[in-house]
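**Q** Handing you this structure, nothing more for now.
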Amino acid sequence: MIDKRVAHVDAALEGLEDGMTVLFGGFGLCGIPENTIAAVRSRGTKNLTCICNNAGVDGFGLGLLLETRQIKKMISSYVGENEEFERQMLSGELDVELIPQGTLAERCRAAGSGIPAFYTPAGYGTEVAEGKEIRVFHGKPHILEHAFDASFAFVKAWKGDASGNLVFKGTARNFNPLMAMAGKITVAEVEELVPVGALDPNNIHVPGIFVHRIFQGDRYEKRIENRTVRKRN
Amino acid sequence: MIDKRVAHVDAALEGLEDGMTVLFGGFGLCGIPENTIAAVRSRGTKNLTCICNNAGVDGFGLGLLLETRQIKKMISSYVGENEEFERQMLSGELDVELIPQGTLAERCRAAGSGIPAFYTPAGYGTEVAEGKEIRVFHGKPHILEHAFDASFAFVKAWKGDASGNLVFKGTARNFNPLMAMAGKITVAEVEELVPVGALDPNNIHVPGIFVHRIFQGDRYEKRIENRTVRKRN
Amino acid sequence: MALDKNGIAQRIAQELRDGWYVNLGIGIPTLVANYIPEGIAIEFQSENGILGMGPFPWEGEEDPDLINAGKQTITALPGAAYFDSAMSFGMIRAKKVQLTVLGAMEVSEYGDIANWKIPGKMVKGMGGAMDLVASAENIIVAMQHTNPRGESKLLSACTLPITGVRCVKKIVTDLAVLAIDQERGFVLLERAPGVSVEEIIAKTAGKIVMDGPVPEMFLPYSAS
Amino acid sequence: MALDKNGIAQRIAQELRDGWYVNLGIGIPTLVANYIPEGIAIEFQSENGILGMGPFPWEGEEDPDLINAGKQTITALPGAAYFDSAMSFGMIRAKKVQLTVLGAMEVSEYGDIANWKIPGKMVKGMGGAMDLVASAENIIVAMQHTNPRGESKLLSACTLPITGVRCVKKIVTDLAVLAIDQERGFVLLERAPGVSVEEIIAKTAGKIVMDGPVPEMFLPYSAS
């Protein structure tokens, strides 16, 4: 068993440098690596290009790194719900690249699968396709898209073990497994670090080979962005 | 809940016609759809193009359909261990296309993911690359490969439910999930059909949306090709 | 009388067929789930990674690890499955989802759709919309017939940056049901109760055609 | 004295480093697992879909649902994971596997490898070999130095259809350890115990170079 455990989140960030491209798992505030985001903020690493489906909200998620101007560029599919983000974007302090969500997911998966490029129909005929190769397959135009190239991936799982195997819960899975596959160095924080052998090998979402550093996070807030409920009578 | 159950394997094969291209899950004899293979044999469907990593052995697996000359062409990565196969191939009765195993897997995954084509390094510089587009990414040549286009996928899972969700055991997973995703009509046979709700939604290997017909198989032989053991003292 | 949001959702729900997997966008499309015809089985997919999405949770039972693509807390029905975003968009691109319902700012008479960007305004992004419209074979747009300034949202050509080309199959607005015919433009199929063909034509900027008399929609529930 | 198969495997095992994921091909490579140096952690990947592969099962404990890529019954160690073939070759192509050991019929002085096809003979297929050699950054070939007819398997150029180009980094044969240098050819690094440089040169058809005296391999176990 290859032991991927690091004692503390700071050790997990060793080698993270200004100007790097990094992946952050999560969809909205669901399944985001809360401890890692806080540690990146403390570390003060600057000029990051962040690939993340969303950009957090004011004061939480990646919003924390926007506050401190640590992010130079965001590559996302949807970035609403964040005033500081909007301010930085409109003032030109922050560079933003918006790409279709499925393409974002597939570019992560491609990076983690040794597929340098693939064709997708998403965005054909739109400004997303500008400057990109178009090719027709089965009568339908497709765009050539490329795998991401990121130095670090920061993901959050529900459970994990010392060998780096990860398991996710509910829709907190989202981009996390794909980004875990895509990082040159993948850092996984887990709600619960379980003993090796405790996870069913049939039900591992990310095999440990993709994970380089793992630690148990603490004090998860798990904020809900849009609380919708049925009223009890 | 959309109910995918069919009462019997014969109903699961409705629409299977001579000359179709079909996917068969399994690696060697591990995880093969035994009941479905037997039913295809009984049905007598001819001139099939079979995409399967291997071609079974004499008298078992796809060997059963070779015996009855129901297969016109095999698309596989490895086809040893089968005398009847060898005879038909050398006599020219059977057409054989050999492709790298990872490319075979990825072409299934692409079909089930709406990716018409992708680049892979596998086979560059070999006869596998002949006639195919070569493109260099990051200084390394890659081959353009296309998604499969198959009418039926026949897979075998460990457990499944009426809504078509599938779970696999051990290395009997192999190509099964990918082929399940790739079929225009996907037929899943399972060792155990469990009540809807009995499978943990976190641990579904193939979501039911990919499965069109499901039934519980019986009398699984699960032959072992290469029995290797440690002797007890 | 023009339909309200629930009326639009209710009319769209009549398009559902037994055994369909359906992806509902944010806004009016979400309401479609409230009007599933009896006797048919439908499963809802949300592109952040769930099949078998159920209703909102009871108060106090919200799970932050269980949301839909609109980031709303949801529940999962028996037989549900969770998966990652690559598999989610894989099934979308592979056309395993039979119906996609989404909102729009503009639709052209060729079925182009614009729903993600207004030049000069803060752009939030396309989310999964471009993947959905580029992939789905059956796209219904749910929207108001005109914008708040009273201008038609059904145009000869979109003026806003588009989300997808020639992809919309049908449009249900507060005034009408229209199909897209690549040769002929908007085909007026049904009118909202009490709304005249003349009003619909007046409020449709794109080319509009009819195949004979245009019936009123049939809305079994009250359209309020 | 030329090494036997276990000697070759034993010498290759010295190349293993702590924390590596390793894919072992069929034949001699499989034996490498028997000689893992003490104090280092290695995990074995088998391309049919397992990480954390263990030894063969005890007699009577074979599980038909648990095999390796050679279709042999195996076991899984604590911390193992099963996955599908796309993910398996995904991790291979993405270079997550640090070392691949496989057999060969021929290797050229540029590191081309031929190990899947002999024209005129029944061709069984390349299995996963083409994916492995096209992807891995660290490929060691385990083979006999000469074929059964006594002809060198280390050539200027492969005569058989190749499996991959310029991919082999190191070769361990019954006679020698050689590295591939794209500029210079086979670099003779080590001799089997008692085997002379002259014999190795005589049995190597490709260009062979040396950087000074060539030491004997160090094999801590008896090489039998």
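Ligands are numbered from 1 in the order shown, residues from 1 within each chain, and chains are lettered A, B, ... in the order they appear in the structure tokens.
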Please identify the helix (DSSP H, G or I) residues within segment 51-175 of chain A (assignment by DSSP from backbone atoms) and present them as a PyMOL selection string.
**A** chain A and resi 63-67+83-91+101-111+127-129+170-172
**Q** With 8 Å as the cut-off and only C-alpha atoms counted, what is the closest atom pair between each nearby residue of chain A and chain B? Distances in Å to one decimal, ordered by chain and number, as JSON lines.
**A**
{"residue": "A:Gly114", "atom": "CA", "partner": "B:Thr120", "partner_atom": "CA", "distance": 7.3}
{"residue": "A:Ile115", "atom": "CA", "partner": "B:Thr120", "partner_atom": "CA", "distance": 5.7}
{"residue": "A:Pro116", "atom": "CA", "partner": "B:Tyr119", "partner_atom": "CA", "distance": 6.3}
{"residue": "A:Ala117", "atom": "CA", "partner": "B:Tyr119", "partner_atom": "CA", "distance": 5.8}
{"residue": "A:Phe118", "atom": "CA", "partner": "B:Phe118", "partner_atom": "CA", "distance": 4.1}
{"residue": "A:Tyr119", "atom": "CA", "partner": "B:Ala117", "partner_atom": "CA", "distance": 5.8}
{"residue": "A:Thr120", "atom": "CA", "partner": "B:Ile115", "partner_atom": "CA", "distance": 5.7}
{"residue": "A:Phe137", "atom": "CA", "partner": "B:Pro116", "partner_atom": "CA", "distance": 6.6}
{"residue": "A:Phe168", "atom": "CA", "partner": "B:Asn202", "partner_atom": "CA", "distance": 7.2}
{"residue": "A:Lys169", "atom": "CA", "partner": "B:Asn202", "partner_atom": "CA", "distance": 6.1}
{"residue": "A:Gly170", "atom": "CA", "partner": "B:Asn202", "partner_atom": "CA", "distance": 6.2}
{"residue": "A:Pro201", "atom": "CA", "partner": "B:Gly170", "partner_atom": "CA", "distance": 7.7}
{"residue": "A:Asn202", "atom": "CA", "partner": "B:Lys169", "partner_atom": "CA", "distance": 6.2}
{"residue": "A:Asn203", "atom": "CA", "partner": "B:Asn203", "partner_atom": "CA", "distance": 5.7}
**Q** Could you name the residues that touch Leu66 of chain B at 10 Å or less, counting only C-alpha atoms, but leaving out those on the same chain fewer than 4 positions away, as a short mmCIF file (atom, residue, chain, number, x, y, z; two decimals) with N, CA, C and O atoms, in the first residue's frame?
**A**
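Saved result, around.cif, follows:
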data_model
loop_
_atom_site.label_atom_id
_atom_site.label_comp_id
_atom_site.auth_asym_id
_atom_site.auth_seq_id
_atom_site.Cartn_x
_atom_site.Cartn_y
_atom_site.Cartn_z
N ARG B 41 -27.60 -17.51 -29.79
CA ARG B 41 -27.37 -18.76 -30.51
C ARG B 41 -28.70 -19.43 -30.88
O ARG B 41 -28.90 -19.83 -32.03
N ALA B 55 -12.65 -13.45 -28.00
CA ALA B 55 -13.61 -14.21 -28.80
C ALA B 55 -14.03 -15.51 -28.13
O ALA B 55 -14.47 -16.45 -28.79
N GLY B 56 -13.90 -15.54 -26.80
CA GLY B 56 -14.31 -16.75 -26.09
C GLY B 56 -13.34 -17.90 -26.30
O GLY B 56 -12.24 -17.71 -26.85
N VAL B 57 -13.74 -19.08 -25.86
CA VAL B 57 -12.94 -20.28 -26.07
C VAL B 57 -13.80 -21.29 -26.82
O VAL B 57 -15.01 -21.07 -27.00
N ASP B 58 -13.20 -22.37 -27.26
CA ASP B 58 -13.98 -23.40 -27.94
C ASP B 58 -15.10 -23.86 -27.03
O ASP B 58 -14.85 -24.30 -25.91
N GLY B 59 -16.33 -23.72 -27.47
CA GLY B 59 -17.46 -24.25 -26.72
C GLY B 59 -17.96 -23.38 -25.59
O GLY B 59 -18.88 -23.76 -24.87
N PHE B 60 -17.41 -22.17 -25.41
CA PHE B 60 -17.94 -21.29 -24.36
C PHE B 60 -17.71 -19.82 -24.74
O PHE B 60 -16.81 -19.50 -25.50
N GLY B 61 -18.55 -18.99 -24.16
CA GLY B 61 -18.48 -17.56 -24.51
C GLY B 61 -18.82 -17.39 -25.98
O GLY B 61 -19.66 -18.11 -26.53
N LEU B 62 -18.19 -16.44 -26.63
CA LEU B 62 -18.49 -16.22 -28.05
C LEU B 62 -18.09 -17.42 -28.91
O LEU B 62 -18.51 -17.51 -30.06
N GLN B 70 -22.33 -17.80 -36.67
CA GLN B 70 -23.22 -16.63 -36.61
C GLN B 70 -22.45 -15.31 -36.68
O GLN B 70 -23.03 -14.26 -36.85
N ILE B 71 -21.13 -15.43 -36.53
CA ILE B 71 -20.30 -14.22 -36.52
C ILE B 71 -19.58 -14.07 -37.85
O ILE B 71 -18.89 -14.97 -38.30
N LYS B 72 -19.76 -12.89 -38.45
CA LYS B 72 -19.11 -12.59 -39.72
C LYS B 72 -17.77 -11.91 -39.47
O LYS B 72 -16.80 -12.12 -40.19
N MET B 74 -15.15 -10.21 -36.20
CA MET B 74 -14.82 -9.92 -34.80
C MET B 74 -13.94 -8.68 -34.75
O MET B 74 -12.97 -8.56 -35.49
N ASN B 82 -8.47 -20.30 -28.95
CA ASN B 82 -9.73 -20.69 -29.57
C ASN B 82 -9.45 -21.31 -30.94
O ASN B 82 -9.18 -20.60 -31.91
N GLU B 84 -11.40 -23.06 -33.07
CA GLU B 84 -12.41 -22.84 -34.10
C GLU B 84 -12.27 -21.43 -34.67
O GLU B 84 -12.39 -21.23 -35.89
N PHE B 85 -12.00 -20.50 -33.79
CA PHE B 85 -11.74 -19.12 -34.23
C PHE B 85 -10.58 -19.10 -35.22
O PHE B 85 -10.68 -18.53 -36.31
N GLN B 88 -11.50 -20.61 -38.61
CA GLN B 88 -12.34 -19.73 -39.44
C GLN B 88 -11.57 -18.50 -39.93
O GLN B 88 -11.77 -18.04 -41.05
N LEU B 94 -14.02 -15.95 -41.45
CA LEU B 94 -14.26 -14.94 -40.41
C LEU B 94 -13.34 -13.76 -40.65
O LEU B 94 -12.14 -13.93 -40.86
#
**Q** For chain B, list the residues within 10 Å of chain C, counting only C-alpha atoms, and write the list as a short mmCIF file (atom, residue, chain, number, x, y, z; two decimals) with all heavy atoms, in the first residue's frame.
**A**
data_model
loop_
_atom_site.label_atom_id
_atom_site.label_comp_id
_atom_site.auth_asym_id
_atom_site.auth_seq_id
_atom_site.Cartn_x
_atom_site.Cartn_y
_atom_site.Cartn_z
N MET B 1 -40.30 5.85 -11.71
CA MET B 1 -39.32 4.83 -12.09
C MET B 1 -39.70 4.21 -13.43
O MET B 1 -40.82 3.76 -13.62
CB MET B 1 -39.27 3.75 -10.98
CG MET B 1 -38.06 2.88 -11.01
SD MET B 1 -38.24 1.42 -12.09
CE MET B 1 -39.66 0.62 -11.32
N ILE B 2 -38.78 4.20 -14.33
CA ILE B 2 -39.02 3.63 -15.65
C ILE B 2 -38.60 2.16 -15.61
O ILE B 2 -37.45 1.85 -15.33
CB ILE B 2 -38.23 4.42 -16.72
CG1 ILE B 2 -38.65 5.90 -16.69
CG2 ILE B 2 -38.44 3.81 -18.09
CD1 ILE B 2 -37.79 6.80 -17.54
N ASP B 3 -39.54 1.29 -15.86
CA ASP B 3 -39.31 -0.14 -15.66
C ASP B 3 -38.69 -0.77 -16.91
O ASP B 3 -39.30 -0.79 -17.98
CB ASP B 3 -40.64 -0.82 -15.32
CG ASP B 3 -40.45 -2.21 -14.76
OD1 ASP B 3 -39.37 -2.80 -14.94
OD2 ASP B 3 -41.41 -2.72 -14.13
N LYS B 4 -37.50 -1.31 -16.78
CA LYS B 4 -36.78 -1.88 -17.92
C LYS B 4 -36.84 -3.41 -17.97
O LYS B 4 -36.20 -4.03 -18.83
CB LYS B 4 -35.30 -1.44 -17.86
CG LYS B 4 -35.06 0.03 -17.66
CD LYS B 4 -35.49 0.85 -18.85
CE LYS B 4 -35.25 2.33 -18.63
NZ LYS B 4 -33.86 2.74 -18.55
N ARG B 109 -16.58 4.01 -24.78
CA ARG B 109 -16.88 5.12 -23.89
C ARG B 109 -17.27 6.36 -24.69
O ARG B 109 -18.18 7.10 -24.31
CB ARG B 109 -15.66 5.39 -23.00
CG ARG B 109 -15.92 6.32 -21.82
CD ARG B 109 -15.58 7.74 -22.17
NE ARG B 109 -16.01 8.67 -21.14
CZ ARG B 109 -15.98 9.99 -21.31
NH1 ARG B 109 -15.54 10.50 -22.44
NH2 ARG B 109 -16.39 10.79 -20.37
N ALA B 110 -16.59 6.60 -25.80
CA ALA B 110 -16.91 7.74 -26.66
C ALA B 110 -18.33 7.62 -27.21
O ALA B 110 -19.10 8.58 -27.20
CB ALA B 110 -15.89 7.86 -27.79
N ALA B 111 -18.68 6.42 -27.66
CA ALA B 111 -20.03 6.21 -28.21
C ALA B 111 -21.09 6.52 -27.16
O ALA B 111 -22.12 7.11 -27.46
CB ALA B 111 -20.17 4.77 -28.71
N GLY B 112 -20.83 6.12 -25.94
CA GLY B 112 -21.79 6.34 -24.86
C GLY B 112 -21.73 7.73 -24.27
O GLY B 112 -22.49 8.07 -23.37
N SER B 113 -20.83 8.55 -24.79
CA SER B 113 -20.65 9.90 -24.25
C SER B 113 -20.83 10.98 -25.30
O SER B 113 -20.53 12.15 -25.04
CB SER B 113 -19.24 10.03 -23.64
OG SER B 113 -19.01 9.02 -22.69
N GLY B 114 -21.28 10.60 -26.49
CA GLY B 114 -21.52 11.60 -27.53
C GLY B 114 -20.26 12.29 -28.01
O GLY B 114 -20.30 13.43 -28.47
N ILE B 115 -19.15 11.61 -27.90
CA ILE B 115 -17.86 12.11 -28.42
C ILE B 115 -17.59 11.32 -29.71
O ILE B 115 -17.29 10.13 -29.64
CB ILE B 115 -16.72 11.85 -27.40
CG1 ILE B 115 -17.00 12.55 -26.08
CG2 ILE B 115 -15.35 12.26 -27.98
CD1 ILE B 115 -16.96 14.05 -26.13
N PRO B 116 -17.71 11.96 -30.88
CA PRO B 116 -17.60 11.17 -32.12
C PRO B 116 -16.19 10.68 -32.40
O PRO B 116 -16.02 9.66 -33.06
CB PRO B 116 -18.07 12.15 -33.20
CG PRO B 116 -17.82 13.51 -32.61
CD PRO B 116 -18.04 13.36 -31.13
N ASP B 161 -31.35 -3.32 -10.90
CA ASP B 161 -32.74 -3.14 -10.47
C ASP B 161 -33.64 -2.86 -11.68
O ASP B 161 -33.13 -2.72 -12.81
CB ASP B 161 -32.86 -2.05 -9.39
CG ASP B 161 -32.51 -0.66 -9.88
OD1 ASP B 161 -32.52 -0.42 -11.11
OD2 ASP B 161 -32.22 0.20 -9.04
N ALA B 162 -34.93 -2.78 -11.42
CA ALA B 162 -35.89 -2.64 -12.51
C ALA B 162 -35.66 -1.37 -13.34
O ALA B 162 -35.94 -1.33 -14.53
CB ALA B 162 -37.32 -2.64 -11.96
N SER B 163 -35.10 -0.35 -12.72
CA SER B 163 -34.87 0.88 -13.48
C SER B 163 -33.59 0.81 -14.30
O SER B 163 -33.23 1.78 -14.96
CB SER B 163 -34.88 2.10 -12.54
OG SER B 163 -33.83 2.03 -11.62
N GLY B 164 -32.91 -0.33 -14.24
CA GLY B 164 -31.76 -0.53 -15.13
C GLY B 164 -30.42 -0.19 -14.52
O GLY B 164 -29.38 -0.31 -15.19
N ASN B 165 -30.41 0.24 -13.28
CA ASN B 165 -29.13 0.51 -12.62
C ASN B 165 -28.32 -0.77 -12.47
O ASN B 165 -28.88 -1.81 -12.11
CB ASN B 165 -29.36 1.11 -11.22
CG ASN B 165 -29.99 2.48 -11.28
OD1 ASN B 165 -29.53 3.34 -12.02
ND2 ASN B 165 -31.05 2.69 -10.51
N LEU B 166 -27.01 -0.68 -12.73
CA LEU B 166 -26.16 -1.86 -12.69
C LEU B 166 -24.98 -1.68 -11.74
O LEU B 166 -24.42 -0.60 -11.62
CB LEU B 166 -25.60 -2.16 -14.08
CG LEU B 166 -26.60 -2.36 -15.22
CD1 LEU B 166 -25.83 -2.66 -16.51
CD2 LEU B 166 -27.58 -3.47 -14.91
N MET B 181 -23.05 1.71 -21.99
CA MET B 181 -23.25 3.10 -22.38
C MET B 181 -23.35 3.25 -23.89
O MET B 181 -23.98 4.18 -24.40
CB MET B 181 -22.08 3.96 -21.89
CG MET B 181 -21.99 4.14 -20.38
SD MET B 181 -20.40 4.85 -19.87
CE MET B 181 -20.51 6.51 -20.58
N ALA B 182 -22.71 2.33 -24.62
CA ALA B 182 -22.53 2.52 -26.06
C ALA B 182 -23.64 1.96 -26.93
O ALA B 182 -23.74 2.31 -28.11
CB ALA B 182 -21.19 1.90 -26.48
N LYS B 184 -27.15 1.20 -28.79
CA LYS B 184 -28.41 1.89 -29.10
C LYS B 184 -29.52 1.22 -28.30
O LYS B 184 -30.40 1.88 -27.75
CB LYS B 184 -28.71 1.84 -30.59
CG LYS B 184 -27.88 2.83 -31.38
CD LYS B 184 -28.49 3.08 -32.75
CE LYS B 184 -27.48 3.84 -33.60
NZ LYS B 184 -26.25 3.04 -33.84
N PRO B 195 -34.72 -5.30 -5.56
CA PRO B 195 -35.83 -4.33 -5.58
C PRO B 195 -35.30 -2.90 -5.81
O PRO B 195 -34.18 -2.57 -5.38
CB PRO B 195 -36.43 -4.44 -4.17
CG PRO B 195 -35.96 -5.76 -3.66
CD PRO B 195 -34.64 -6.02 -4.29
N VAL B 196 -36.09 -2.10 -6.49
CA VAL B 196 -35.73 -0.70 -6.68
C VAL B 196 -35.57 -0.05 -5.30
O VAL B 196 -36.41 -0.21 -4.43
CB VAL B 196 -36.80 0.03 -7.51
CG1 VAL B 196 -36.59 1.54 -7.45
CG2 VAL B 196 -36.75 -0.45 -8.95
N GLY B 197 -34.45 0.64 -5.14
CA GLY B 197 -34.17 1.26 -3.84
C GLY B 197 -33.16 0.46 -3.03
O GLY B 197 -32.62 0.96 -2.05
N ALA B 198 -32.89 -0.78 -3.44
CA ALA B 198 -31.96 -1.62 -2.69
C ALA B 198 -30.51 -1.27 -3.00
O ALA B 198 -29.61 -1.53 -2.19
CB ALA B 198 -32.22 -3.10 -2.98
N LEU B 199 -30.25 -0.69 -4.16
CA LEU B 199 -28.87 -0.32 -4.50
C LEU B 199 -28.59 1.09 -3.98
O LEU B 199 -29.43 1.99 -4.10
CB LEU B 199 -28.67 -0.36 -6.02
CG LEU B 199 -28.88 -1.71 -6.70
CD1 LEU B 199 -28.78 -1.56 -8.22
CD2 LEU B 199 -27.87 -2.74 -6.21
N ASP B 200 -27.41 1.27 -3.42
CA ASP B 200 -27.00 2.59 -2.94
C ASP B 200 -26.78 3.51 -4.14
O ASP B 200 -25.94 3.21 -5.01
CB ASP B 200 -25.71 2.43 -2.14
CG ASP B 200 -25.18 3.76 -1.60
OD1 ASP B 200 -25.67 4.83 -2.02
OD2 ASP B 200 -24.27 3.71 -0.76
N PRO B 201 -27.53 4.63 -4.24
CA PRO B 201 -27.38 5.52 -5.40
C PRO B 201 -25.97 6.09 -5.55
O PRO B 201 -25.62 6.57 -6.63
CB PRO B 201 -28.42 6.62 -5.16
CG PRO B 201 -28.81 6.52 -3.73
CD PRO B 201 -28.58 5.11 -3.31
N ASN B 202 -25.17 6.03 -4.49
CA ASN B 202 -23.77 6.48 -4.60
C ASN B 202 -22.90 5.47 -5.33
O ASN B 202 -21.82 5.81 -5.79
CB ASN B 202 -23.17 6.69 -3.19
CG ASN B 202 -23.68 7.94 -2.53
OD1 ASN B 202 -23.63 9.01 -3.12
ND2 ASN B 202 -24.18 7.80 -1.32
N ASN B 203 -23.37 4.22 -5.38
CA ASN B 203 -22.51 3.16 -5.88
C ASN B 203 -23.07 2.45 -7.11
O ASN B 203 -22.93 1.25 -7.26
CB ASN B 203 -22.24 2.14 -4.76
CG ASN B 203 -21.47 2.77 -3.62
OD1 ASN B 203 -20.68 3.69 -3.83
ND2 ASN B 203 -21.69 2.29 -2.42
N ILE B 204 -23.73 3.20 -7.96
CA ILE B 204 -24.25 2.65 -9.21
C ILE B 204 -23.15 2.77 -10.27
O ILE B 204 -22.65 3.87 -10.51
CB ILE B 204 -25.49 3.44 -9.69
CG1 ILE B 204 -26.57 3.50 -8.60
CG2 ILE B 204 -26.02 2.88 -11.00
CD1 ILE B 204 -27.21 2.21 -8.25
N HIS B 205 -22.77 1.68 -10.89
CA HIS B 205 -21.72 1.76 -11.92
C HIS B 205 -22.27 2.21 -13.26
O HIS B 205 -21.59 2.91 -14.01
CB HIS B 205 -21.01 0.41 -12.05
CG HIS B 205 -20.31 -0.02 -10.79
ND1 HIS B 205 -20.27 -1.32 -10.36
CD2 HIS B 205 -19.66 0.70 -9.85
CE1 HIS B 205 -19.59 -1.39 -9.22
NE2 HIS B 205 -19.22 -0.18 -8.89
N VAL B 206 -23.48 1.76 -13.57
CA VAL B 206 -24.14 2.20 -14.80
C VAL B 206 -25.54 2.69 -14.44
O VAL B 206 -26.40 1.89 -14.06
CB VAL B 206 -24.25 1.06 -15.83
CG1 VAL B 206 -25.05 1.51 -17.05
CG2 VAL B 206 -22.87 0.58 -16.26
N PRO B 207 -25.80 3.99 -14.55
CA PRO B 207 -27.16 4.48 -14.29
C PRO B 207 -28.15 3.91 -15.30
O PRO B 207 -27.80 3.69 -16.47
CB PRO B 207 -27.02 6.00 -14.47
CG PRO B 207 -25.55 6.29 -14.30
CD PRO B 207 -24.85 5.08 -14.83
N GLY B 208 -29.35 3.66 -14.84
CA GLY B 208 -30.37 2.99 -15.64
C GLY B 208 -30.68 3.64 -16.98
O GLY B 208 -31.18 2.97 -17.89
N ILE B 209 -30.38 4.89 -17.14
CA ILE B 209 -30.68 5.59 -18.40
C ILE B 209 -30.00 4.92 -19.59
O ILE B 209 -30.47 5.02 -20.72
CB ILE B 209 -30.27 7.08 -18.29
CG1 ILE B 209 -30.85 7.91 -19.43
CG2 ILE B 209 -28.76 7.23 -18.22
CD1 ILE B 209 -30.65 9.41 -19.27
N PHE B 210 -28.90 4.22 -19.33
CA PHE B 210 -28.16 3.58 -20.41
C PHE B 210 -28.71 2.18 -20.74
O PHE B 210 -28.28 1.57 -21.71
CB PHE B 210 -26.68 3.44 -20.05
CG PHE B 210 -25.94 4.75 -19.98
CD1 PHE B 210 -25.50 5.27 -18.77
CD2 PHE B 210 -25.64 5.45 -21.14
CE1 PHE B 210 -24.79 6.46 -18.70
CE2 PHE B 210 -24.93 6.65 -21.09
CZ PHE B 210 -24.51 7.16 -19.87
N VAL B 211 -29.58 1.68 -19.89
CA VAL B 211 -30.03 0.28 -20.02
C VAL B 211 -31.48 0.24 -20.49
O VAL B 211 -32.34 0.88 -19.89
CB VAL B 211 -29.87 -0.46 -18.67
CG1 VAL B 211 -30.45 -1.87 -18.75
CG2 VAL B 211 -28.40 -0.50 -18.27
#
**Q** Determine, counting only C-alpha atoms, which protein, DNA and RNA residues have an atom within 9 Å of an atom of Met143 of chain D; residues of the same chain fewer than 2 positions away are not included. Present the result as an MDAnalysis selection string.
**A** chainID D and resid 5 8 28 102:106 141 145:146 153 171:174
**Q** Could you dump the residues just selected with N, CA and C atoms as an mmCIF file, in the first residue's frame?
**A**
data_model
loop_
_atom_site.group_PDB
_atom_site.id
_atom_site.type_symbol
_atom_site.label_atom_id
_atom_site.label_comp_id
_atom_site.auth_asym_id
_atom_site.auth_seq_id
_atom_site.Cartn_x
_atom_site.Cartn_y
_atom_site.Cartn_z
ATOM 1 N N LYS D 5 14.868 -17.215 -15.960
ATOM 2 C CA LYS D 5 13.753 -16.264 -15.912
ATOM 3 C C LYS D 5 13.661 -15.541 -14.578
ATOM 4 N N ILE D 8 16.268 -12.842 -14.335
ATOM 5 C CA ILE D 8 15.874 -11.634 -15.067
ATOM 6 C C ILE D 8 14.869 -10.824 -14.251
ATOM 7 N N ILE D 28 7.744 -13.630 -18.027
ATOM 8 C CA ILE D 28 8.797 -13.236 -17.083
ATOM 9 C C ILE D 28 8.387 -12.015 -16.245
ATOM 10 N N LEU D 102 7.430 -5.579 -19.859
ATOM 11 C CA LEU D 102 6.805 -6.535 -20.768
ATOM 12 C C LEU D 102 7.825 -7.273 -21.604
ATOM 13 N N GLY D 103 7.386 -8.373 -22.164
ATOM 14 C CA GLY D 103 8.253 -9.188 -22.997
ATOM 15 C C GLY D 103 8.313 -8.638 -24.410
ATOM 16 N N ALA D 104 9.242 -9.162 -25.204
ATOM 17 C CA ALA D 104 9.357 -8.693 -26.587
ATOM 18 C C ALA D 104 9.969 -9.777 -27.458
ATOM 19 N N MET D 105 9.636 -9.718 -28.741
ATOM 20 C CA MET D 105 10.289 -10.600 -29.712
ATOM 21 C C MET D 105 11.516 -9.902 -30.297
ATOM 22 N N GLU D 106 11.416 -8.587 -30.454
ATOM 23 C CA GLU D 106 12.552 -7.800 -30.950
ATOM 24 C C GLU D 106 12.520 -6.409 -30.322
ATOM 25 N N VAL D 141 11.956 -3.918 -20.946
ATOM 26 C CA VAL D 141 11.669 -5.165 -21.630
ATOM 27 C C VAL D 141 12.431 -6.299 -20.947
ATOM 28 N N HIS D 145 18.117 -12.851 -24.699
ATOM 29 C CA HIS D 145 18.943 -12.016 -25.583
ATOM 30 C C HIS D 145 18.845 -12.485 -27.040
ATOM 31 N N THR D 146 18.682 -13.773 -27.211
ATOM 32 C CA THR D 146 18.578 -14.344 -28.573
ATOM 33 C C THR D 146 17.321 -15.191 -28.690
ATOM 34 N N LYS D 153 17.924 -10.712 -30.595
ATOM 35 C CA LYS D 153 16.641 -10.027 -30.548
ATOM 36 C C LYS D 153 16.839 -8.519 -30.374
ATOM 37 N N ILE D 171 16.462 -2.705 -21.214
ATOM 38 C CA ILE D 171 16.236 -4.114 -21.536
ATOM 39 C C ILE D 171 17.028 -4.960 -20.553
ATOM 40 N N VAL D 172 16.359 -5.947 -19.972
ATOM 41 C CA VAL D 172 17.064 -6.905 -19.129
ATOM 42 C C VAL D 172 16.912 -8.273 -19.779
ATOM 43 N N THR D 173 18.038 -8.857 -20.193
ATOM 44 C CA THR D 173 18.010 -10.171 -20.827
ATOM 45 C C THR D 173 18.725 -11.177 -19.927
ATOM 46 N N ASP D 174 18.816 -12.394 -20.401
ATOM 47 C CA ASP D 174 19.553 -13.406 -19.656
ATOM 48 C C ASP D 174 21.049 -13.085 -19.601
#
